[in-house]
Every structure is written in C-alpha cells, then in structure tokens.
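Reviewing the structure listed below.
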Amino acid sequence: MRIDVDAVLLHLGSGATGVPARGRTAWLRARLRAAVVTGALPVGTVLPGTRALAAGLGLARGTVGEAVQQLVDEGYLTARPRSGVVVSWQPPGTAPTPRRAGPRVPSPGQPDTALYPRAQWSRLVRDVLVHLPARDLGYPAPAGHPALREALADHLRRTRGADVGADDVVVVAGVAQVGALLVAAGLRRWAVERPGSPGQGAQLRSLGAQVVEVPVDERGLVAGALDGHTGLDAVVVTAAHQYPTGCVLAPERRQDLVRRARAAGFVLLEDDYDAELRYDREPVGVMHALGPDVVVLAGSVSKPLAPALRLGWMVPPADLREAVVAAKHTADLGSPVVDQLALAGMLTSGAYLRHVRRVRGVYRARRDMLLAALARHAPDVVVTGVSAGLHVYLAQLGPDVAARGRSALAALGVPAEVVPGGPVHLPGDGLVVGFASLRDAARADAVAQALAAARD
C-alpha cells in the first residue's frame, strides 16, 4: 500500500509547524518509529520518497534521508530497489501479512538437512528410552539435564578452549532463545552488528528491548563505535565467523571489547556462529576465555545436525546464571529430556565429532565447487567469508545487481539475501549466497551463470 505525504503527516501527528528548531533528525525518527510501532503505518506501507517528505515537512532532504536510513538500520523499514522504502516491522500480536504462494527458499545459512544422521539419532533415542529412569520423565531441570551439561562442558573445553564446568552450562532451544532469556533477565538495551543476522534485531525489539547497530569492518565489530552508545546492557558479537562478511574478530578487538564490557558494565553475547564448520584451518578460540565474567558464550547443533532439534547451550557469567535459569523455567519449563540425553550420548561417544568432520568435508567440497564456478563465470566479483560456514558474501554489487541476483537464485531454489549498503570496508550492496544445497558442479555452475547474467 502506497500512501501520500499528507497521510504521513497525519500519522506523524504534526505538520511542518510542529517541527522543532533543533534535533530534527531525532524528532522525525521518533515520530516515524512511533507510527510504525503503534500500527498507524502498518507493515507493507510504501512511504513517499525523501524529496516529497522533505518538502511536506519543510526539512532538508538529507535530514529526512538520515532519519529514514536509521529506521532501516533498526529494522522498522526496508529499502527495496525500484519499490522505495517499505514498513517492515509488525507490532507483536497482530496478524501476519499473508505471503504470496510459492516455493519456500531456506535462509543462506541453513544446512543441508539430508545430511542429518537419522539412523544414528534413532539408535540414540531408542537407547535413551530403554534406559531412562522413570523419575527423568517428569518436568526437566530448567538448566538442562546434568548428563548433557557435563557432556557440553567437556566438549567446549576440548574443542573451543573454554574454561567451563557443567554447572556453568544452561541448555537452551537454540541460540535464538539466548537473547530472549537475557532480555527476560533484565538486559534491555542492546547493540548488534551492522550488517548482521537479519532477524536478530527484530527478535530483540519484539521482546521490548532497545536496539542500536554497530558497524563491522574487515576485523569484525568496530569496538570504538560503541563510544557513541551509553547505558548498554549487552552487545552481540559473532567472533568466530561474522554473518554475513565471514570475518574473524581481531585479537586486539576481542581484548578491547572485554575491557569495555568490564568498564561500562555490559555483557558480550558471543554467538559462536559456524565455529565448527571451519575449512582451511583450526577453529579460532572463544572470546569467552578472555572474560568469562562478562561474556555469554552461546552455540547450538543447528548447523552440524539440524535446526529442527532446537538444542543449544549458553554459558552466562555467574552473576546472571540464576536469573537466566529462572527465565528458562518461565519460558518453557526446560528442554525435552529425551533429545538432551540423545545428544549427550552422541557427544560422549565421539559420534558427534565424527559427524562434524564428515559434514565439514562435504561442505568444503561444495564451497570449492561454487568458488570454482564463480572464478569461471564471474571472475571479477569480490567474494569474502569463504573460510567457514555455509555461505559466501559477494560484495560491492550495487542495489540493482544484488536484487536481480537474489531473484535469479530464488528461481533456482538457492538461498540468497541482499545486504543493503554492506560493511564499512566493502561499501555498496552485497549478496549472501548459501552453498549447502549445491550437491554437484552443474548446480554450482548454474548459480554462477545466473549471478553473471544479473550483472549484465
């Protein structure tokens, strides 16, 4: 639904005469945000262009553009090539917008679920059911079953260099639940990476948190950019493999972030994203080892096994643990015991690491096929983020190219996401392309050819 300038002015609750003399960008941003949050500007609304808005409000076009861009960065609005700026935030509890029928394309970071070890998991579950004491069929411990907490602590010590004991671990329903538990524990003011996981900021806002975005460059999150944001409770960092750029957080920035967290009183949520799927060298150690008093380590088995399991872990600082466990109990009374014990058995038997090594080899081969195809068909495309994970990042494509590329790949059933603006060191729109489903060279060639055609 496209609306005109007069309608926007009505929803803002003020005409040009109500515009303050100072702080105009902040005023406009606050009014637009309020109109979106209250539903006055519903999801799907297409706003007038910045030139028309500026004329209607009597503001400089740059002022309007800055306010709109900030709301895009915060996730309330989305800039769509050829369509304009669209309201993308929906108040909690409202009916979702009907989606156009069509095939569902997974996100670029989703694994190939055909690699899920069904037979092995089935045997593990049967073994659990045969030996599970009747007392364990009651409501689970909210922090997780002791057997899985012990197995996870041992796994994190051996593979991630974390100084973790079983009592430090809380079992969660994937990393997505970690943010919800921390918000429930009282952490209300957040900073997330820009660019970063597209749903992260939206999820936190839906829980009532205040969210700002901090830029990323080739060395990871720019720690110095936090200076402009006071009163933070938590900062999200993907230290091992940043989404979408694939960069690794530099050692000096890890130390700087830990120092800042201690000085300012916030915690660092270390999303150990894709850490187990590193192809060309050993995984980097966790930032948690530098500051267990201020770092919340979080991870899951969604990539190595399957997202449907909804099993993950978090290691909060000691002073947050009680509040986090209480929030977990309130949220869902604890994670399913049978699946917890099946994963514990997989970890303690060594089967989990054997499976990780197997899928790592599969994904490395698929990545290599895509890189070879891109080298043949689109050799001048800037490609980053290739050392780990299930996606590559194609940088500096320009808005039309990135959008056309995404559409072309969607037609092939290949997941891709446009990254408007890109990181500060790779300006211009980028495209995240998943390769987990590229099972043969012909399919990789088709992807590269589609991307090359999108640039013509």
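Naming works like this for the structure tokens: A, B, ... for the chains as they're shown, residue 1 at the start of each chain, ligands 1 onward in shown order.
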Shell around segment 154-161 of chain A at 10 Å using only C-alpha atoms, local window under 6 positions removed, as an MDAnalysis selection string: chainID A and resid 148 169 272 275:276 282:289 297 299 347:348 350 352:353
With C-alpha atoms retained, could you export that selection as a CSV table (one decimal), in the first residue's frame?
chain,number,residue,atom,x,y,z
A,148,LEU,CA,24.1,-33.1,28.8
A,169,VAL,CA,26.1,-24.5,31.2
A,272,ASP,CA,29.7,-19.0,18.3
A,275,ALA,CA,32.7,-22.2,14.6
A,276,GLU,CA,32.6,-26.0,14.0
A,282,GLU,CA,41.6,-25.0,13.1
A,283,PRO,CA,38.7,-23.0,14.6
A,284,VAL,CA,39.7,-19.9,16.5
A,285,GLY,CA,39.3,-19.9,20.2
A,286,VAL,CA,36.4,-18.4,22.0
A,287,MET,CA,36.4,-14.8,23.4
A,288,HIS,CA,34.8,-16.3,26.5
A,289,ALA,CA,38.2,-17.5,27.6
A,297,LEU,CA,29.0,-18.0,25.2
A,299,GLY,CA,26.1,-22.1,20.4
A,347,LEU,CA,28.9,-36.2,22.4
A,348,THR,CA,30.3,-38.7,25.0
A,350,GLY,CA,32.7,-39.3,20.0
A,352,TYR,CA,29.2,-36.1,17.3
A,353,LEU,CA,32.8,-35.0,16.4
Leu370 of chain A environment, 12 Å, only C-alpha atoms, sequence neighbours closer than 5 positions dropped, as a VMD selection string: chain A and resid 363 to 365 375 to 379 383 386 390 to 394 433 to 449 451
Atoms to include: C-alpha atoms. Write the selected residues as a compact mmCIF listing (two decimals), in the first residue's frame.
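As a result, selection_30.txt now contains:
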# COMPACT_ATOMS: atom_id res chain seq x y z
CA TYR A 363 30.51 -28.60 2.79
CA ARG A 364 34.14 -27.83 1.97
CA ALA A 365 33.72 -29.63 -1.36
CA ALA A 375 36.03 -17.94 -10.99
CA ARG A 376 34.92 -19.27 -14.39
CA HIS A 377 31.77 -17.23 -14.93
CA ALA A 378 32.14 -14.09 -12.76
CA PRO A 379 35.87 -13.72 -12.07
CA VAL A 383 33.98 -12.84 -2.68
CA VAL A 386 34.83 -18.37 2.42
CA LEU A 390 27.57 -22.33 4.78
CA HIS A 391 27.55 -19.14 2.71
CA VAL A 392 29.79 -16.76 0.79
CA TYR A 393 29.43 -12.98 0.60
CA LEU A 394 29.52 -11.27 -2.79
CA VAL A 433 24.68 -16.91 -1.17
CA GLY A 434 24.23 -20.26 0.55
CA PHE A 435 26.10 -23.25 -0.84
CA ALA A 436 24.97 -26.06 1.47
CA SER A 437 22.49 -27.36 -1.12
CA LEU A 438 24.90 -27.28 -4.10
CA ARG A 439 25.40 -31.03 -4.45
CA ASP A 440 27.10 -31.11 -7.85
CA ALA A 441 29.24 -28.94 -10.13
CA ALA A 442 26.42 -28.41 -12.62
CA ARG A 443 24.28 -26.75 -9.96
CA ALA A 444 27.21 -24.58 -8.85
CA ASP A 445 27.74 -23.55 -12.48
CA ALA A 446 24.06 -22.63 -12.80
CA VAL A 447 24.36 -20.37 -9.74
CA ALA A 448 27.48 -18.64 -11.06
CA GLN A 449 25.95 -18.18 -14.51
CA LEU A 451 24.87 -14.22 -10.99
DSSP strand (DSSP E) residues within segment 201-409 of chain A, as a ChimeraX atom specification: /A:210-217,220-221,234-237,267-271,295-300,312-315,382-384,391-395
Residues of the last selection are to be written out with N, CA and C atoms, as a CSV table (one decimal), in the first residue's frame.
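result.csv was written with the following content:
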chain,number,residue,atom,x,y,z
A,210,GLN,N,15.6,-2.3,23.5
A,210,GLN,CA,16.0,-1.2,22.7
A,210,GLN,C,17.3,-1.7,22.0
A,211,VAL,N,17.4,-1.4,20.7
A,211,VAL,CA,18.5,-2.0,19.9
A,211,VAL,C,19.1,-0.9,19.0
A,212,VAL,N,20.4,-0.8,19.1
A,212,VAL,CA,21.2,0.0,18.2
A,212,VAL,C,22.1,-0.9,17.4
A,213,GLU,N,22.6,-0.4,16.3
A,213,GLU,CA,23.5,-1.2,15.4
A,213,GLU,C,24.9,-0.6,15.4
A,214,VAL,N,25.9,-1.4,15.4
A,214,VAL,CA,27.3,-1.0,15.4
A,214,VAL,C,28.0,-1.6,14.2
A,215,PRO,N,28.8,-0.8,13.4
A,215,PRO,CA,29.3,-1.2,12.2
A,215,PRO,C,30.4,-2.3,12.3
A,216,VAL,N,30.6,-3.1,11.2
A,216,VAL,CA,31.5,-4.1,11.1
A,216,VAL,C,32.5,-3.8,10.0
A,217,ASP,N,33.8,-4.0,10.2
A,217,ASP,CA,34.7,-3.9,9.1
A,217,ASP,C,35.5,-5.2,8.9
A,220,GLY,N,36.1,-7.2,12.1
A,220,GLY,CA,35.0,-7.6,12.9
A,220,GLY,C,34.3,-6.3,13.5
A,221,LEU,N,33.5,-6.5,14.5
A,221,LEU,CA,32.8,-5.4,15.1
A,221,LEU,C,33.8,-4.2,15.5
A,234,ALA,N,24.0,-5.1,26.8
A,234,ALA,CA,24.5,-6.3,26.1
A,234,ALA,C,24.9,-5.9,24.7
A,235,VAL,N,26.0,-6.5,24.2
A,235,VAL,CA,26.5,-6.3,22.8
A,235,VAL,C,26.6,-7.7,22.2
A,236,VAL,N,26.0,-7.9,21.0
A,236,VAL,CA,26.1,-9.2,20.3
A,236,VAL,C,27.4,-9.2,19.4
A,237,VAL,N,28.2,-10.3,19.5
A,237,VAL,CA,29.4,-10.4,18.7
A,237,VAL,C,29.4,-11.8,18.1
A,267,VAL,N,27.4,-6.9,29.1
A,267,VAL,CA,27.9,-8.2,28.8
A,267,VAL,C,28.0,-8.4,27.3
A,268,LEU,N,28.9,-9.3,26.8
A,268,LEU,CA,29.1,-9.6,25.4
A,268,LEU,C,28.4,-10.9,25.1
A,269,LEU,N,27.4,-11.0,24.2
A,269,LEU,CA,26.9,-12.2,23.8
A,269,LEU,C,27.7,-12.8,22.6
A,270,GLU,N,28.5,-13.7,22.9
A,270,GLU,CA,29.3,-14.3,21.8
A,270,GLU,C,28.6,-15.5,21.2
A,271,ASP,N,28.0,-15.2,20.0
A,271,ASP,CA,27.3,-16.2,19.2
A,271,ASP,C,28.4,-16.9,18.5
A,295,VAL,N,31.3,-12.3,29.4
A,295,VAL,CA,31.0,-12.9,28.1
A,295,VAL,C,29.9,-14.1,28.3
A,296,VAL,N,28.9,-14.0,27.5
A,296,VAL,CA,27.9,-15.1,27.5
A,296,VAL,C,28.2,-15.9,26.2
A,297,LEU,N,28.7,-17.1,26.3
A,297,LEU,CA,29.0,-18.0,25.2
A,297,LEU,C,27.8,-18.7,24.8
A,298,ALA,N,27.5,-18.7,23.5
A,298,ALA,CA,26.2,-19.4,23.0
A,298,ALA,C,26.5,-20.1,21.8
A,299,GLY,N,25.9,-21.3,21.6
A,299,GLY,CA,26.1,-22.1,20.4
A,299,GLY,C,24.9,-23.1,20.3
A,300,SER,N,24.9,-23.9,19.2
A,300,SER,CA,23.9,-24.9,19.0
A,300,SER,C,24.3,-25.9,18.1
A,312,GLY,N,20.6,-26.1,22.0
A,312,GLY,CA,21.8,-25.3,22.1
A,312,GLY,C,22.2,-25.1,23.5
A,313,TRP,N,23.2,-24.2,23.7
A,313,TRP,CA,23.7,-24.0,25.0
A,313,TRP,C,24.1,-22.6,25.2
A,314,MET,N,24.1,-22.1,26.5
A,314,MET,CA,24.7,-20.8,26.8
A,314,MET,C,25.5,-21.0,28.1
A,315,VAL,N,26.5,-20.2,28.2
A,315,VAL,CA,27.4,-20.1,29.4
A,315,VAL,C,27.3,-18.7,29.9
A,382,VAL,N,33.8,-9.7,-6.1
A,382,VAL,CA,34.6,-9.7,-4.8
A,382,VAL,C,33.8,-10.7,-3.9
A,383,VAL,N,34.6,-11.8,-3.5
A,383,VAL,CA,34.0,-12.8,-2.7
A,383,VAL,C,34.7,-12.9,-1.3
A,384,THR,N,34.0,-12.8,-0.2
A,384,THR,CA,34.5,-12.9,1.1
A,384,THR,C,33.8,-14.0,1.9
A,391,HIS,N,27.9,-20.2,3.7
A,391,HIS,CA,27.6,-19.1,2.7
A,391,HIS,C,28.8,-18.4,2.3
A,392,VAL,N,28.7,-17.7,1.2
A,392,VAL,CA,29.8,-16.8,0.8
A,392,VAL,C,29.1,-15.4,0.6
A,393,TYR,N,29.9,-14.3,0.7
A,393,TYR,CA,29.4,-13.0,0.6
A,393,TYR,C,30.0,-12.4,-0.7
A,394,LEU,N,29.1,-12.0,-1.6
A,394,LEU,CA,29.5,-11.3,-2.8
A,394,LEU,C,29.4,-9.8,-2.6
A,395,ALA,N,30.5,-9.0,-2.6
A,395,ALA,CA,30.5,-7.7,-2.2
A,395,ALA,C,30.4,-6.7,-3.3
Given only C-alpha atoms as the counted atoms, nearest of A:Leu59, A:Leu187, A:Leu412, A:Ala239 to Ala323 of chain A: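 Smallest separation from Ala323 of chain A among the options: A:Leu187.
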One-decimal distance in Å that lies between atom CA of Leu290 of chain A and atom CA of Leu232 of chain A: 20.1 Å
DSSP helix (DSSP H, G or I) residues within segment 250-454 of chain A, listed as a PyMOL selection string: chain A and resi 251-264+287-290+307-309+318-332+337-349+351-377+399-411+441-454
Contact residues around Ala173 of chain A with only C-alpha atoms at 12 Å, ignoring same-chain residues under 6 positions, as an NGL selection string: :A and (142-144 or 179-181 or 298-302 or 307-314 or 328 or 331-336 or 339-340)
Keeping only C-alpha atoms, write those residues as a PDB file, in the first residue's frame.
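Now in selection24.pdb:
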ATOM      1  CA  PRO A 142      15.313 -25.823  33.644  1.00  0.00           C
ATOM      2  CA  ALA A 143      19.093 -25.503  33.299  1.00  0.00           C
ATOM      3  CA  GLY A 144      19.241 -28.811  31.446  1.00  0.00           C
ATOM      4  CA  GLY A 179      18.592 -13.341  23.587  1.00  0.00           C
ATOM      5  CA  ALA A 180      15.056 -13.872  24.879  1.00  0.00           C
ATOM      6  CA  LEU A 181      16.341 -15.263  28.174  1.00  0.00           C
ATOM      7  CA  ALA A 298      26.242 -19.386  23.041  1.00  0.00           C
ATOM      8  CA  GLY A 299      26.065 -22.114  20.414  1.00  0.00           C
ATOM      9  CA  SER A 300      23.862 -24.857  19.015  1.00  0.00           C
ATOM     10  CA  VAL A 301      23.788 -28.033  16.941  1.00  0.00           C
ATOM     11  CA  SER A 302      21.555 -26.449  14.279  1.00  0.00           C
ATOM     12  CA  PRO A 307      17.734 -26.705  13.136  1.00  0.00           C
ATOM     13  CA  ALA A 308      14.610 -28.750  13.913  1.00  0.00           C
ATOM     14  CA  LEU A 309      16.264 -30.218  17.021  1.00  0.00           C
ATOM     15  CA  ARG A 310      16.173 -26.811  18.766  1.00  0.00           C
ATOM     16  CA  LEU A 311      19.079 -27.711  21.016  1.00  0.00           C
ATOM     17  CA  GLY A 312      21.798 -25.319  22.061  1.00  0.00           C
ATOM     18  CA  TRP A 313      23.690 -24.009  25.049  1.00  0.00           C
ATOM     19  CA  MET A 314      24.702 -20.845  26.774  1.00  0.00           C
ATOM     20  CA  LYS A 328      14.215 -20.538  31.093  1.00  0.00           C
ATOM     21  CA  ALA A 331       9.701 -19.720  29.121  1.00  0.00           C
ATOM     22  CA  ASP A 332       9.208 -23.453  28.580  1.00  0.00           C
ATOM     23  CA  LEU A 333       9.864 -25.434  31.791  1.00  0.00           C
ATOM     24  CA  GLY A 334      13.058 -26.817  30.245  1.00  0.00           C
ATOM     25  CA  SER A 335      14.174 -28.512  27.040  1.00  0.00           C
ATOM     26  CA  PRO A 336      12.984 -32.035  26.057  1.00  0.00           C
ATOM     27  CA  ASP A 339      16.648 -35.232  22.917  1.00  0.00           C
ATOM     28  CA  GLN A 340      19.011 -33.845  25.548  1.00  0.00           C
TER      29      GLN A 340
END
Which of A:Arg188, A:Arg205, A:His329, A:Arg123 sits closest to Phe266 of chain A [using only C-alpha atoms]: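 Comparing A:Arg188, A:Arg205, A:His329, A:Arg123 against Phe266 of chain A, the winner is A:Arg188.
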Among the residues A:Val8, A:Ala373, A:Ala151, A:Val19, the one that comes closest to Ala60 of chain A [using only C-alpha atoms]: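 Under the stated criterion, the closest residue is A:Val19.
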Nearby residues (only C-alpha atoms) at most 10 Å from Glu218 of chain A, same-chain spacing under 5 positions excluded, as number ranges by chain: A: 242, 245-250, 384, 423-426
d(atom CA of Pro316 of chain A, atom CA of Arg253 of chain A) in Å: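 Between these atoms lies a distance of 20.7 Å.
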